[in-house]
>>> print(open('protein_30.txt').read())   # compact mmCIF, C-alpha atoms
# COMPACT_ATOMS: atom_id res chain seq x y z
CA MET A 1 17.67 -21.75 60.33
CA LYS A 2 21.20 -20.39 60.00
CA ILE A 3 22.95 -17.31 58.63
CA SER A 4 26.72 -16.93 58.29
CA LYS A 5 28.92 -14.23 56.80
CA LYS A 6 32.50 -14.20 55.58
CA VAL A 7 34.80 -12.09 53.43
CA PHE A 8 34.46 -12.97 49.73
CA GLY A 9 37.13 -10.62 48.43
CA ILE A 10 38.48 -7.07 48.42
CA LEU A 11 37.89 -4.46 45.72
CA SER A 12 40.68 -2.29 44.31
CA ASN A 13 39.54 0.60 46.53
CA GLY A 14 40.00 -1.55 49.63
CA GLU A 15 36.33 -2.20 50.31
CA LYS A 16 35.49 -5.68 51.57
CA VAL A 17 32.93 -7.81 49.73
CA HIS A 18 31.04 -10.40 51.77
CA LEU A 19 29.44 -13.76 51.14
CA TYR A 20 26.25 -14.65 53.03
CA VAL A 21 25.19 -18.27 53.51
CA LEU A 22 21.54 -18.89 54.37
CA LYS A 23 20.17 -22.26 55.49
CA ALA A 24 16.49 -23.03 56.02
CA GLY A 25 14.46 -26.14 55.40
CA ASP A 26 16.50 -28.48 53.21
CA ILE A 27 18.15 -25.93 50.93
CA LYS A 28 21.05 -23.48 51.17
CA LEU A 29 21.45 -20.14 49.38
CA CYS A 30 24.69 -18.17 49.02
CA LEU A 31 24.68 -14.46 48.23
CA THR A 32 27.24 -11.69 47.85
CA ASN A 33 26.71 -7.96 48.24
CA PHE A 34 28.66 -7.28 45.03
CA GLY A 35 25.78 -6.95 42.57
CA ALA A 36 23.39 -8.40 45.19
CA THR A 37 24.23 -11.69 43.49
CA TRP A 38 23.03 -15.25 44.01
CA THR A 39 26.22 -17.34 43.87
CA SER A 40 24.99 -20.85 44.80
CA LEU A 41 21.77 -22.69 45.63
CA PHE A 42 22.01 -26.23 47.00
CA VAL A 43 18.89 -28.39 46.53
CA PRO A 44 18.45 -32.14 47.31
CA SER A 45 17.40 -34.64 44.62
CA LYS A 46 14.90 -37.50 44.77
CA LYS A 47 17.87 -39.75 45.61
CA GLY A 48 18.82 -37.52 48.52
CA ARG A 49 21.95 -36.06 46.95
CA GLY A 50 22.28 -32.29 47.00
CA ALA A 51 23.66 -30.23 44.13
CA ASP A 52 24.32 -26.58 43.38
CA VAL A 53 21.69 -25.66 40.78
CA LEU A 54 23.03 -22.17 39.95
CA LEU A 55 25.64 -21.29 37.37
CA GLY A 56 28.24 -19.00 38.90
CA PHE A 57 31.81 -18.43 39.98
CA SER A 58 33.86 -19.35 43.03
CA ASN A 59 35.59 -16.00 43.59
CA LEU A 60 35.01 -12.28 43.46
CA ALA A 61 37.50 -11.69 40.64
CA ALA A 62 35.32 -13.64 38.21
CA TYR A 63 32.19 -11.69 39.20
CA LEU A 64 34.00 -8.44 38.36
CA ASN A 65 33.94 -9.55 34.71
CA ASN A 66 30.55 -11.26 34.73
CA ILE A 67 29.58 -10.78 31.07
CA PRO A 68 26.57 -13.17 31.14
CA PHE A 69 25.17 -11.49 34.32
CA LEU A 70 25.23 -14.79 36.25
CA GLY A 71 23.02 -14.45 39.33
CA VAL A 72 23.10 -10.65 39.58
CA THR A 73 20.41 -8.16 40.52
CA VAL A 74 19.64 -6.04 37.47
CA GLY A 75 18.54 -2.39 37.67
CA ARG A 76 17.56 0.35 37.23
CA PHE A 77 15.97 -1.24 34.21
CA ALA A 78 16.32 -4.93 33.36
CA ASN A 79 16.25 -6.06 29.74
CA ARG A 80 16.49 -3.75 26.73
CA ILE A 81 15.53 -0.16 25.96
CA GLY A 82 15.37 0.50 22.22
CA GLY A 83 17.57 3.23 20.79
CA ALA A 84 19.17 3.71 24.21
CA CYS A 85 16.76 6.54 24.98
CA PHE A 86 13.26 7.35 26.17
CA SER A 87 11.09 10.42 26.65
CA LEU A 88 9.39 11.33 29.90
CA ASP A 89 7.37 14.48 30.65
CA GLY A 90 8.56 16.09 27.43
CA LYS A 91 12.28 15.46 27.99
CA THR A 92 14.46 12.89 26.21
CA TYR A 93 16.93 10.87 28.26
CA ASN A 94 19.92 9.29 26.55
CA LEU A 95 21.36 6.08 27.98
CA ASN A 96 24.45 3.93 27.39
CA GLN A 97 24.56 2.02 24.11
CA ASN A 98 25.93 -1.33 25.27
CA ASP A 99 23.88 -3.67 23.05
CA GLY A 100 24.37 -2.36 19.52
CA LYS A 101 22.38 0.89 19.47
CA ASN A 102 20.27 -0.22 22.44
CA THR A 103 20.64 -0.36 26.22
CA LEU A 104 20.83 -3.75 27.92
CA HIS A 105 20.41 -4.17 31.70
CA SER A 106 20.92 -0.43 32.34
CA GLY A 107 24.14 0.12 30.42
CA PHE A 108 27.81 -0.07 31.25
CA ARG A 109 27.47 0.08 35.05
CA GLY A 110 24.14 -1.08 36.34
CA PHE A 111 23.24 -2.32 39.81
CA ASP A 112 24.95 -5.64 38.99
CA LYS A 113 28.37 -3.95 39.13
CA MET A 114 27.90 -2.09 42.41
CA LEU A 115 28.61 -2.89 46.04
CA TRP A 116 25.38 -2.93 48.06
CA LYS A 117 24.97 -2.35 51.79
CA ALA A 118 23.75 -5.56 53.42
CA ASP A 119 22.11 -6.68 56.66
CA VAL A 120 20.80 -10.08 57.74
CA TYR A 121 17.53 -10.74 59.57
CA GLU A 122 14.96 -13.40 60.41
CA GLU A 123 11.25 -13.02 59.67
CA ASN A 124 8.17 -15.23 59.22
CA GLN A 125 10.01 -18.54 59.56
CA GLY A 126 12.72 -17.45 57.13
CA VAL A 127 16.25 -16.02 56.94
CA PHE A 128 17.04 -13.03 54.71
CA VAL A 129 19.66 -10.61 53.49
CA ARG A 130 18.47 -7.04 52.91
CA PHE A 131 20.52 -5.20 50.29
CA GLU A 132 20.37 -1.39 49.91
CA LEU A 133 21.73 0.88 47.20
CA ASP A 134 21.50 4.60 46.45
CA SER A 135 21.55 5.64 42.78
CA PRO A 136 22.02 9.37 42.15
CA ASP A 137 20.10 11.44 39.61
CA GLY A 138 21.62 11.02 36.15
CA GLU A 139 23.38 7.73 36.83
CA GLY A 140 23.39 5.76 33.58
CA GLY A 141 21.30 8.57 32.08
CA PHE A 142 18.24 7.87 34.26
CA PRO A 143 16.47 10.70 36.13
CA GLY A 144 15.80 10.88 39.86
CA ASN A 145 17.65 10.07 43.05
CA LEU A 146 16.67 6.46 43.68
CA LYS A 147 16.93 4.28 46.77
CA ALA A 148 16.66 0.54 46.08
CA VAL A 149 16.01 -2.17 48.67
CA VAL A 150 16.20 -5.82 47.61
CA SER A 151 15.65 -8.68 50.06
CA TYR A 152 16.50 -12.29 49.27
CA GLY A 153 15.87 -15.16 51.64
CA LEU A 154 14.86 -18.72 52.37
CA SER A 155 11.76 -20.05 54.07
CA LYS A 156 11.51 -23.28 56.07
CA SER A 157 9.26 -24.61 53.28
CA ASN A 158 12.14 -24.58 50.73
CA GLU A 159 11.28 -21.32 49.01
CA VAL A 160 13.62 -18.61 47.76
CA ILE A 161 11.84 -15.30 48.31
CA ALA A 162 12.77 -12.15 46.39
CA CYS A 163 11.32 -8.74 47.30
CA TYR A 164 12.12 -5.58 45.34
CA GLU A 165 11.35 -2.05 46.56
CA ALA A 166 12.46 1.40 45.42
CA LYS A 167 11.71 5.09 45.87
CA SER A 168 12.67 8.01 43.65
CA ASP A 169 12.32 11.78 44.07
CA ALA A 170 11.41 12.12 40.38
CA PRO A 171 9.48 9.99 37.88
CA THR A 172 11.80 7.35 36.40
CA PRO A 173 11.64 3.89 34.82
CA MET A 174 12.15 1.01 37.25
CA ASN A 175 12.42 -2.68 36.45
CA PHE A 176 14.39 -4.96 38.77
CA THR A 177 15.03 -8.68 38.42
CA ASN A 178 17.48 -11.37 39.37
CA HIS A 179 19.43 -12.95 36.51
CA ALA A 180 19.96 -16.41 38.04
CA TYR A 181 20.88 -19.17 35.59
CA PHE A 182 19.40 -22.50 36.72
CA ASN A 183 20.34 -26.04 35.85
CA LEU A 184 18.25 -28.36 37.99
CA ALA A 185 20.54 -31.28 37.17
CA GLY A 186 23.34 -29.30 38.83
CA GLU A 187 25.61 -26.57 37.51
CA GLY A 188 28.15 -27.99 35.07
CA ALA A 189 25.99 -31.08 34.42
CA GLY A 190 25.38 -30.33 30.74
CA ASN A 191 22.62 -28.52 28.90
CA ILE A 192 19.06 -27.80 30.03
CA LEU A 193 17.31 -28.87 26.80
CA SER A 194 15.67 -31.90 28.44
CA HIS A 195 14.26 -29.85 31.32
CA GLU A 196 10.50 -29.69 31.13
CA VAL A 197 9.05 -26.19 31.43
CA ARG A 198 5.59 -24.77 31.87
CA LEU A 199 4.83 -21.05 31.53
CA PHE A 200 1.54 -19.60 32.73
CA SER A 201 1.46 -17.32 29.71
CA SER A 202 -1.13 -17.17 26.93
CA SER A 203 0.84 -14.52 25.04
CA TYR A 204 4.35 -13.17 24.63
CA VAL A 205 6.03 -9.94 23.56
CA GLU A 206 6.92 -9.90 19.86
CA VAL A 207 10.44 -8.58 19.20
CA ASP A 208 12.50 -7.65 16.16
CA ALA A 209 15.89 -9.06 15.15
CA HIS A 210 17.56 -6.96 17.88
CA CYS A 211 15.20 -8.21 20.62
CA ILE A 212 13.36 -4.87 20.77
CA PRO A 213 9.56 -5.14 21.09
CA THR A 214 7.40 -4.29 18.11
CA GLY A 215 4.58 -3.30 20.47
CA ARG A 216 2.50 -6.38 19.71
CA LEU A 217 1.57 -9.17 22.10
CA LEU A 218 1.16 -12.47 20.25
CA SER A 219 -0.80 -15.56 21.24
CA VAL A 220 1.35 -18.58 22.03
CA GLN A 221 -1.28 -20.90 20.53
CA ASN A 222 0.00 -23.19 17.75
CA SER A 223 3.52 -21.79 18.04
CA PRO A 224 6.89 -22.84 19.52
CA PHE A 225 6.15 -20.39 22.34
CA ASP A 226 3.29 -22.45 23.75
CA PHE A 227 4.39 -23.68 27.19
CA LEU A 228 0.90 -23.75 28.69
CA THR A 229 1.38 -27.51 29.01
CA ARG A 230 4.75 -28.68 30.35
CA LYS A 231 7.15 -29.73 27.60
CA PRO A 232 10.90 -30.28 27.11
CA VAL A 233 12.72 -27.03 26.32
CA LYS A 234 14.15 -28.52 23.11
CA ARG A 235 10.89 -29.81 21.62
CA ASP A 236 10.14 -26.86 19.34
CA LEU A 237 13.65 -25.53 18.76
CA ARG A 238 15.44 -25.78 15.42
CA ALA A 239 16.93 -29.17 14.64
CA GLU A 240 20.50 -27.85 14.89
CA SER A 241 19.69 -26.75 18.45
CA GLY A 242 18.55 -30.22 19.44
CA GLY A 243 14.86 -29.86 18.69
CA ASN A 244 12.39 -31.05 16.09
CA GLY A 245 11.52 -27.66 14.61
CA GLY A 246 12.28 -26.44 11.12
CA PRO A 247 14.12 -23.33 9.89
CA SER A 248 11.40 -20.98 11.19
CA ALA A 249 11.63 -22.35 14.74
CA PRO A 250 13.73 -20.42 17.27
CA ALA A 251 17.29 -21.56 17.98
CA GLY A 252 16.67 -20.73 21.63
CA TYR A 253 14.37 -18.65 23.77
CA ASP A 254 15.08 -15.08 24.87
CA HIS A 255 11.55 -13.74 25.06
CA CYS A 256 9.33 -11.98 27.55
CA PHE A 257 6.16 -13.93 28.27
CA VAL A 258 3.05 -12.20 29.61
CA VAL A 259 2.16 -13.79 32.95
CA ASP A 260 -1.55 -14.63 33.03
CA GLY A 261 -3.61 -13.04 35.80
CA ASP A 262 -3.49 -9.63 37.41
CA PRO A 263 -0.13 -7.83 37.74
CA GLY A 264 0.48 -6.85 41.32
CA LYS A 265 -0.93 -10.12 42.65
CA LEU A 266 1.36 -13.02 43.53
CA ARG A 267 0.34 -15.74 41.06
CA PRO A 268 1.82 -18.76 39.25
CA CYS A 269 4.40 -17.79 36.66
CA ALA A 270 6.44 -20.87 35.65
CA GLU A 271 7.45 -24.43 36.50
CA ALA A 272 10.63 -26.30 35.62
CA PHE A 273 11.27 -30.03 36.13
CA GLU A 274 14.44 -32.06 35.66
CA PRO A 275 13.54 -35.76 35.16
CA VAL A 276 16.75 -37.44 36.34
CA SER A 277 17.14 -35.64 39.67
CA GLY A 278 13.42 -35.16 40.17
CA ARG A 279 13.99 -31.52 41.13
CA ASN A 280 11.02 -29.29 40.49
CA MET A 281 10.89 -25.49 40.71
CA LYS A 282 7.68 -23.45 40.80
CA VAL A 283 7.84 -19.70 40.30
CA PHE A 284 5.30 -17.14 41.48
CA THR A 285 5.43 -13.39 40.85
CA THR A 286 3.60 -10.07 41.09
CA GLN A 287 5.36 -8.87 37.93
CA PRO A 288 3.58 -8.55 34.56
CA GLY A 289 6.14 -10.62 32.64
CA VAL A 290 8.90 -13.18 32.76
CA GLN A 291 11.89 -13.35 30.43
CA PHE A 292 12.54 -16.98 29.56
CA TYR A 293 16.15 -17.25 28.42
CA THR A 294 17.84 -20.52 27.50
CA GLY A 295 21.47 -19.41 27.74
CA ASN A 296 21.81 -18.99 23.98
CA SER A 297 24.89 -16.77 24.29
CA LEU A 298 26.78 -18.51 27.06
CA PRO A 299 30.29 -18.32 25.59
CA GLY A 300 31.99 -21.39 27.03
CA ILE A 301 33.28 -19.63 30.13
CA THR A 302 34.95 -21.23 33.12
CA GLY A 303 32.56 -21.30 36.08
CA LYS A 304 32.86 -23.09 39.41
CA PRO A 305 35.76 -25.59 39.69
CA GLY A 306 35.57 -28.14 36.90
CA SER A 307 32.65 -26.46 35.15
CA LEU A 308 32.46 -24.93 31.70
CA TYR A 309 29.29 -23.05 30.76
CA ALA A 310 28.40 -23.15 27.08
CA LYS A 311 25.25 -22.58 25.01
CA HIS A 312 22.05 -23.88 26.70
CA ASP A 313 23.84 -24.94 29.90
CA GLY A 314 21.50 -22.81 32.03
CA PHE A 315 18.11 -21.12 31.82
CA CYS A 316 16.71 -17.93 33.34
CA LEU A 317 13.23 -17.02 34.47
CA GLU A 318 13.61 -13.28 34.98
CA THR A 319 10.40 -11.89 36.46
CA GLN A 320 10.05 -8.30 35.25
CA HIS A 321 8.21 -5.58 33.39
CA PHE A 322 8.20 -5.89 29.61
CA PRO A 323 11.36 -4.83 27.71
CA ASP A 324 11.39 -1.30 26.25
CA SER A 325 8.41 -0.36 28.43
CA PRO A 326 9.54 3.30 28.67
CA ASN A 327 8.92 3.58 24.90
CA GLN A 328 5.77 1.44 24.71
CA ASN A 329 2.68 3.26 25.98
CA ALA A 330 0.48 0.17 25.56
CA PHE A 331 2.64 -1.88 27.96
CA PRO A 332 2.11 -1.83 31.75
CA SER A 333 3.68 1.36 33.05
CA CYS A 334 7.19 1.08 34.47
CA ILE A 335 7.31 4.71 35.62
CA PHE A 336 7.56 5.18 39.36
CA GLY A 337 8.44 8.12 41.56
CA PRO A 338 6.95 10.47 44.15
CA GLY A 339 3.63 9.04 45.30
CA LYS A 340 4.19 5.76 43.47
CA GLU A 341 6.76 3.43 45.02
CA TYR A 342 8.07 0.34 43.27
CA ARG A 343 7.18 -2.96 45.00
CA GLU A 344 7.41 -6.43 43.46
CA LYS A 345 7.84 -9.96 44.76
CA SER A 346 8.81 -13.34 43.33
CA VAL A 347 8.97 -16.78 44.96
CA PHE A 348 10.93 -19.83 43.74
CA ALA A 349 9.60 -22.96 45.46
CA PHE A 350 11.50 -26.27 45.29
CA ASP A 351 10.58 -29.92 45.77
CA TRP A 352 12.09 -33.24 44.64
>>> encode(input="protein_30.txt", output="structure tokens")
Amino acid sequence: MKISKKVFGILSNGEKVHLYVLKAGDIKLCLTNFGATWTSLFVPSKKGRGADVLLGFSNLAAYLNNIPFLGVTVGRFANRIGGACFSLDGKTYNLNQNDGKNTLHSGFRGFDKMLWKADVYEENQGVFVRFELDSPDGEGGFPGNLKAVVSYGLSKSNEVIACYEAKSDAPTPMNFTNHAYFNLAGEGAGNILSHEVRLFSSSYVEVDAHCIPTGRLLSVQNSPFDFLTRKPVKRDLRAESGGNGGPSAPAGYDHCFVVDGDPGKLRPCAEAFEPVSGRNMKVFTTQPGVQFYTGNSLPGITGKPGSLYAKHDGFCLETQHFPDSPNQNAFPSCIFGPGKEYREKSVFAFDW
């Protein structure tokens, strides 16, 4: 197992940003403390050739304008909050409107745009980086002084392990995730529509035209959202998106799926398989949901050298609480604070 650290860039205020390279088993993970971001993940193929399976950038300057949130840690609240507000204990809190009239990924300056403190350590046959961040009361409109601790690491058994913890001195919504975009064929190797995906989800969160939940959980049965059996991503998409579906089929996925089993317990969440390379990823989580996103809005941006990331060139499996949970009493509670600390874990296991 190995850990190395080097300077990744310097911010305008003179603060140094670092890149951490972790090696354990047969895979390598690169992280930066700007946004507690995953920058690269190198995984072998069935033919023995390694490839970077994460969309991302090669320098800090690009991450400062990371519109698609490539690889970042999202907080205080991942996903959307309808109307950019919520009520808690009789008080209404107004947030940034950065997605129409709604809040997306905590507004204009979420955890993805902050410099985290970082330390490296070894534990349980793995190598890790521990990121820490203090968020003051009122930041982004959210109540409570919050301390976040996020640990990312590799195990000798080719697993990426993500642990999220937070404390607040007042009740507040919390919902952390990592926004990694995967392409198991290798970043820049084209779209992910032929990847085969399985989701351990019998239902999903219904949303309106603005991706805000209606409050209903719908069965995936007999619908394009049925991934209970592994299938190519494109199978049930609209024809113009490369699939066989008709006009009522989705053009891409950007939906929160309800993970079967008991929230709080580490359990199977998703699987993704790329047939040519033979790379397979299995995801486990304690979270109640997972946002399956197929890169529908990737704008054709320049990524790592020689790569251009356009629509469907990466997919996300963002383990999380349901979107708009602060406004949906029927959803699992996302309110944490004194006497109730936030603790979640996700594992991404690779084979080939």
>>> closest_residue(input="protein_30.txt", among="A:Ser87, A:Ser307, A:Asn296, A:Thr32", to="Gly186 in chain A", atoms="all atoms listed in the file")
A:Ser307
>>> atom_distance(input="protein_30.txt", atom1="CA of Ala310 in chain A", atom2="CA of Arg238 in chain A")
17.6 Å
>>> residues_around(input="protein_30.txt", residues="range 4-6 of chain A", least_positions_apart="6", cutoff="9 Å", atoms="all atoms listed in the file", output="ChimeraX atom specification")
/A:17-23
>>> closest_residue(input="protein_30.txt", among="A:Pro323, A:Pro288, A:Pro143, A:Gly9", to="Asp262 in chain A", atoms="only C-alpha atoms")
A:Pro288
>>> residues_around(input="protein_30.txt", residues="Phe225 in chain A", least_positions_apart="3", cutoff="8 Å", atoms="all atoms listed in the file", output="JSON list (two decimals) with C-alpha atoms, keeping the file's coordinate frame")
[["chain", "number", "residue", "atom", "x", "y", "z"],
["A", 204, "TYR", "CA", 4.35, -13.17, 24.63],
["A", 220, "VAL", "CA", 1.35, -18.58, 22.03],
["A", 221, "GLN", "CA", -1.28, -20.90, 20.53]]
>>> closest_atom_pairs(input="protein_30.txt", of="range 54-99 of chain A", to="range 175-180 of chain A", cutoff="12 Å", atoms="all atoms listed in the file", output="JSON lines")
{"residue": "A:Leu54", "atom": "CA", "partner": "A:Ala180", "partner_atom": "CA", "distance": 6.8}
{"residue": "A:Leu55", "atom": "CA", "partner": "A:Ala180", "partner_atom": "CA", "distance": 7.5}
{"residue": "A:Gly56", "atom": "CA", "partner": "A:Ala180", "partner_atom": "CA", "distance": 8.7}
{"residue": "A:Asn66", "atom": "CA", "partner": "A:His179", "partner_atom": "CA", "distance": 11.4}
{"residue": "A:Ile67", "atom": "CA", "partner": "A:His179", "partner_atom": "CA", "distance": 11.7}
{"residue": "A:Pro68", "atom": "CA", "partner": "A:His179", "partner_atom": "CA", "distance": 8.9}
{"residue": "A:Phe69", "atom": "CA", "partner": "A:His179", "partner_atom": "CA", "distance": 6.3}
{"residue": "A:Leu70", "atom": "CA", "partner": "A:Ala180", "partner_atom": "CA", "distance": 5.8}
{"residue": "A:Gly71", "atom": "CA", "partner": "A:Ala180", "partner_atom": "CA", "distance": 3.9}
{"residue": "A:Val72", "atom": "CA", "partner": "A:His179", "partner_atom": "CA", "distance": 5.3}
{"residue": "A:Thr73", "atom": "CA", "partner": "A:Asn178", "partner_atom": "CA", "distance": 4.5}
{"residue": "A:Val74", "atom": "CA", "partner": "A:Thr177", "partner_atom": "CA", "distance": 5.4}
{"residue": "A:Gly75", "atom": "CA", "partner": "A:Phe176", "partner_atom": "CA", "distance": 5.0}
{"residue": "A:Arg76", "atom": "CA", "partner": "A:Asn175", "partner_atom": "CA", "distance": 6.0}
{"residue": "A:Phe77", "atom": "CA", "partner": "A:Asn175", "partner_atom": "CA", "distance": 4.4}
{"residue": "A:Ala78", "atom": "CA", "partner": "A:Asn175", "partner_atom": "CA", "distance": 5.5}
{"residue": "A:Asn79", "atom": "CA", "partner": "A:Asn175", "partner_atom": "CA", "distance": 8.4}
{"residue": "A:Arg80", "atom": "CA", "partner": "A:Asn175", "partner_atom": "CA", "distance": 10.6}
{"residue": "A:Ile81", "atom": "CA", "partner": "A:Asn175", "partner_atom": "CA", "distance": 11.2}
>>> residues_around(input="protein_30.txt", residues="Leu88 in chain A", least_positions_apart="6", cutoff="12 Å", atoms="all atoms listed in the file", output="JSON list (two decimals) with C-alpha atoms, keeping the file's coordinate frame")
[["chain", "number", "residue", "atom", "x", "y", "z"],
["A", 94, "ASN", "CA", 19.92, 9.29, 26.55],
["A", 142, "PHE", "CA", 18.24, 7.87, 34.26],
["A", 143, "PRO", "CA", 16.47, 10.70, 36.13],
["A", 144, "GLY", "CA", 15.80, 10.88, 39.86],
["A", 170, "ALA", "CA", 11.41, 12.12, 40.38],
["A", 171, "PRO", "CA", 9.48, 9.99, 37.88],
["A", 172, "THR", "CA", 11.80, 7.35, 36.40],
["A", 173, "PRO", "CA", 11.64, 3.89, 34.82],
["A", 325, "SER", "CA", 8.41, -0.36, 28.43],
["A", 326, "PRO", "CA", 9.54, 3.30, 28.67],
["A", 327, "ASN", "CA", 8.92, 3.58, 24.90],
["A", 328, "GLN", "CA", 5.77, 1.44, 24.71],
["A", 329, "ASN", "CA", 2.68, 3.26, 25.98],
["A", 333, "SER", "CA", 3.68, 1.36, 33.05],
["A", 334, "CYS", "CA", 7.19, 1.08, 34.47],
["A", 335, "ILE", "CA", 7.31, 4.71, 35.62],
["A", 336, "PHE", "CA", 7.56, 5.18, 39.36]]
>>> closest_residue(input="protein_30.txt", among="A:Leu237, A:Val276, A:Val53, A:Ala61", to="Asp313 in chain A", atoms="all atoms listed in the file")
A:Val53
>>> atom_distance(input="protein_30.txt", atom1="CA of Gly190 in chain A", atom2="CA of Gly252 in chain A")
15.8 Å
>>> residues_around(input="protein_30.txt", residues="range 97-100 of chain A", least_positions_apart="4", cutoff="12 Å", atoms="only C-alpha atoms", output="PyMOL selection string")
chain A and resi 67+79-85+104-110+140-141+209-212
>>> atom_distance(input="protein_30.txt", atom1="CA of Gly245 in chain A", atom2="CA of Cys316 in chain A")
21.7 Å
>>> residues_near_point(input="protein_30.txt", point="(18.8, -39.2, 45.3)", cutoff="10 Å", atoms="all atoms listed in the file", output="list in words")
Pro44, Ser45, Lys46, Lys47, Gly48, Arg49, Gly50, Val276, Ser277, Gly278, Arg279 and Trp352 of chain A
>>> residues_around(input="protein_30.txt", residues="Thr229 in chain A", least_positions_apart="5", cutoff="9 Å", atoms="only C-alpha atoms", output="count of residues only")
4
>>> closest_residue(input="protein_30.txt", among="A:Val160, A:Leu60, A:Leu146, A:Leu193", to="Lys311 in chain A", atoms="all atoms listed in the file")
A:Leu193
>>> closest_residue(input="protein_30.txt", among="A:Leu228, A:Ala330, A:Met281, A:Ala270", to="Asp351 in chain A", atoms="all atoms listed in the file")
A:Met281
>>> residues_near_point(input="protein_30.txt", point="(14.3, -21.2, 50.0)", cutoff="8 Å", atoms="all atoms listed in the file", output="number ranges by chain")
A: 24-25, 27-29, 153-161, 348-350
>>> closest_residue(input="protein_30.txt", among="A:Arg267, A:Asn33, A:Asn191, A:Ser201", to="Phe131 in chain A", atoms="all atoms listed in the file")
A:Asn33
